[in-house]
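Asker: My questions all concern the structure below.
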Amino acid sequence: MLTKEQLPAAVAAAEDALRPFFERIDRISQANTAKIMSIFREERVSESLFAPSSGYGYDDRGRDTLDRIYARVFGAEAAVVRHSIASGTHALTIGLFGLLRPGDILLALTGKPYDTLDEVIGVSGEPGRGSLADFGVQYEEVPLLPDGSPDRDAILQALNKWGERVKVAFIQRSKGYLNRPTLSVPEIGNLAGLVHANSGAYVVVDNCYGEFVEEQEPTEVGADLVIGSLIKNPGGGMAESGGYLAGTRRAVELCGYRLTAPGVGTEIGATLGQTKSMYKGLFYAPHSVAQALKTAHLAAYLFDAMGYGTEPKWNVTRSDIIQAVHLGSAERLIAFCRGIQEGSPVDAFVSCEPWDMPGYSDPVIMAAGTFTQGASLELSADGPIRPPYTAFFQGGLTYESGKIGVLSAVGKILALNEQGN
């Protein structure tokens, strides 16, 4: 068990052991940055594209060019990127309602989706609020195997059982609030191949927290639609709101009709001065993601040394920026989050508390001393107050600041342990 006196030596040992992982992260960041810069040059990005539009936003060149850039970066046929998409859950809702119709089946291939989709799907919440279930969409779920991997045999059985009624095969790349490994891009490609060989369903991926962690994205290996939030990875810490959907031309077209109105789609949408931060955020994104990954590796090493379960382990390559730390008690989970808050650049004086957050089935504690509210690419942590009392930690716009936040959380746990809690 690590002590306060041993902490400086543990940090030095961690950074020495993590050097080859950091070098790999930097290589991926370099490759993704080179790809983005090449596309920027080919799309002739200039200051004129940052000009705001108002009203309907017809013929907004900056908006339309950014859509093309996202499509190319993600290896997709089309994309829609809008600052007006309020959250990742909002973007996912646009995607699901865009593709699904009454009588269709939404089949989750990776177990239960993230908690905030429960009421969107209709597995919780009051009937009549406008969930997929209210509109006659059936939900089916394939549980994960005991090791947390997708059950290919059960997926195939479900596809054969429900046939063409399965319109969306849903994959959640990241672990969410589940204790399971994040799916790599090749693993997602294998699932997409299985679905396409046995059905006509759209393969839709919740890509949140995974963008630019690897050199490929799910749309480059067979996914029909990937969806994410700009205040996570692809916004690079610069975008102050927004989300994106990228995929096949038909899938994005249908989602555009849900975003605005049938027949209108992605042709409208005033940018209101937000375009520059979205371009700039995409430019920064590979580097910012690299900083967050390094911070997550450090956290895993130190909390592993303290005797806490971590997922993934410090010496495992990653497919998203999330680090889970199993703390074993509500007191330690709260202390961890308060440490992250105190080690943040904004609202460091705030003492975070668990609360009944909309969209979640348990009280949740969230630490987010961020420049943009809820921006989880910035240093942040959260977790439901339920066993095994896991903190889900992510972000760090710079490794230096992320390291300070991690050490603040370590200090809180060490102090709690000294008190016998």
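Residue numbering restarts at 1 in every chain; chains get A, B, ... in the order shown in the structure tokens, and ligands count up from 1 in that same order.
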Write out as CSV a residue-level contact list of region 269-328 of chain A versus region 170-187 of chain A with cut-off 9 Å: for each qualifying residue the closest pair of atoms and the distance in Å to one decimal, counting only C-alpha atoms, rows sorted by chain and residue number upward.
Answerer:
residue,atom,partner,partner_atom,distance
A:Glu311,CA,A:Pro181,CA,7.4
A:Pro312,CA,A:Pro181,CA,7.1
A:Arg318,CA,A:Thr182,CA,7.8
A:Ser319,CA,A:Ser184,CA,5.2
A:Asp320,CA,A:Ser174,CA,6.4
A:Ile321,CA,A:Ser174,CA,8.8
A:Ile322,CA,A:Ser174,CA,7.8
A:Ala324,CA,A:Asn179,CA,8.1
Asker: Where does region 187-269 of chain A meet region 356-370 of chain A within 12 Å, residue by residue, with the nearest atom pair and distance in Å to one decimal for each, counting only C-alpha atoms, listed by chain and rising number, as a Markdown table?
Answerer:
| residue | atom | partner | partner_atom | distance |
| --- | --- | --- | --- | --- |
| A:Ile231 | CA | A:Thr370 | CA | 10.6 |
| A:Lys232 | CA | A:Thr370 | CA | 11.9 |
| A:Gly237 | CA | A:Thr370 | CA | 9.5 |
| A:Met238 | CA | A:Thr370 | CA | 11.5 |
| A:Glu240 | CA | A:Thr370 | CA | 10.9 |
Asker: Apply DSSP to the structure's backbone, then extract all residues of region 120-327 of chain A labelled strand (DSSP E) and return them as a PyMOL selection string.
Answerer: chain A and resi 138-141+166-172+202-206+225-229+243-247+309-311+323-326
Asker: Would you compute the distance between CA of Phe283 (chain A) and CA of Gly265 (chain A)? Give it in Å to one decimal.
Answerer: 26.4 Å
Asker: Determine, counting only C-alpha atoms, which protein, DNA and RNA residues have an atom within 8 Å of an atom of region 210-227 of chain A; residues of the same chain fewer than 5 positions away are not included. Present the result as a PyMOL selection string.
Answerer: chain A and resi 25+28-29+31-32+74-76+88+91-92+95+173-174+185-186+188-189+192-193+202-205+233-234+243-248+251-252+285-286+289-290+293+318-321
Asker: For C-alpha atoms, I'd like the residues from the last selection saved as a compact mmCIF listing (two decimals), in the first residue's frame.
Answerer:
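The new file selection-v5.txt reads:
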# COMPACT_ATOMS: atom_id res chain seq x y z
CA ILE A 25 0.50 7.78 -27.69
CA ILE A 28 -0.74 8.19 -32.81
CA SER A 29 -1.23 11.88 -32.03
CA ALA A 31 -0.43 10.57 -37.31
CA ASN A 32 -3.90 11.94 -36.55
CA PHE A 74 -13.67 9.87 -39.94
CA GLY A 75 -13.38 8.04 -43.27
CA ALA A 76 -17.10 8.50 -43.87
CA GLY A 88 -23.64 13.35 -26.58
CA ALA A 91 -26.55 13.49 -30.69
CA LEU A 92 -27.32 9.81 -30.04
CA GLY A 95 -29.16 9.28 -34.66
CA ARG A 173 -17.38 1.76 -27.73
CA SER A 174 -16.61 2.97 -24.23
CA VAL A 185 -11.61 -0.20 -33.54
CA PRO A 186 -10.69 -3.65 -34.96
CA ILE A 188 -15.88 -2.91 -33.69
CA GLY A 189 -14.98 -3.75 -37.28
CA ALA A 192 -19.85 -4.63 -38.01
CA GLY A 193 -18.82 -7.40 -40.39
CA TYR A 202 -27.32 0.02 -39.67
CA VAL A 203 -24.31 -0.42 -37.37
CA VAL A 204 -24.37 2.61 -35.08
CA VAL A 205 -21.50 3.35 -32.69
CA ASN A 233 -12.47 14.28 -27.63
CA PRO A 234 -13.12 15.88 -31.04
CA GLY A 243 -21.95 17.17 -31.41
CA TYR A 244 -21.39 15.28 -34.64
CA LEU A 245 -22.74 12.34 -36.63
CA ALA A 246 -20.63 10.82 -39.41
CA GLY A 247 -21.31 7.82 -41.63
CA THR A 248 -22.93 6.71 -44.84
CA ALA A 251 -27.65 7.51 -42.63
CA VAL A 252 -26.48 11.10 -42.23
CA ALA A 285 -8.02 17.19 -30.67
CA PRO A 286 -5.30 14.55 -31.32
CA VAL A 289 -6.53 13.34 -26.41
CA ALA A 290 -2.88 12.30 -26.06
CA LEU A 293 -4.38 9.32 -22.22
CA ARG A 318 -6.26 1.95 -24.63
CA SER A 319 -9.20 2.53 -26.92
CA ASP A 320 -10.75 5.43 -24.99
CA ILE A 321 -9.68 8.04 -22.46
Asker: Using only C-alpha atoms, pick whichever of A:Gly374, A:Pro52, A:Gly402, A:Pro384 has the shortest atom-to-atom distance to Ser241 (chain A).
Answerer: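 So, comparing all the options, the nearest one is A:Gly374.
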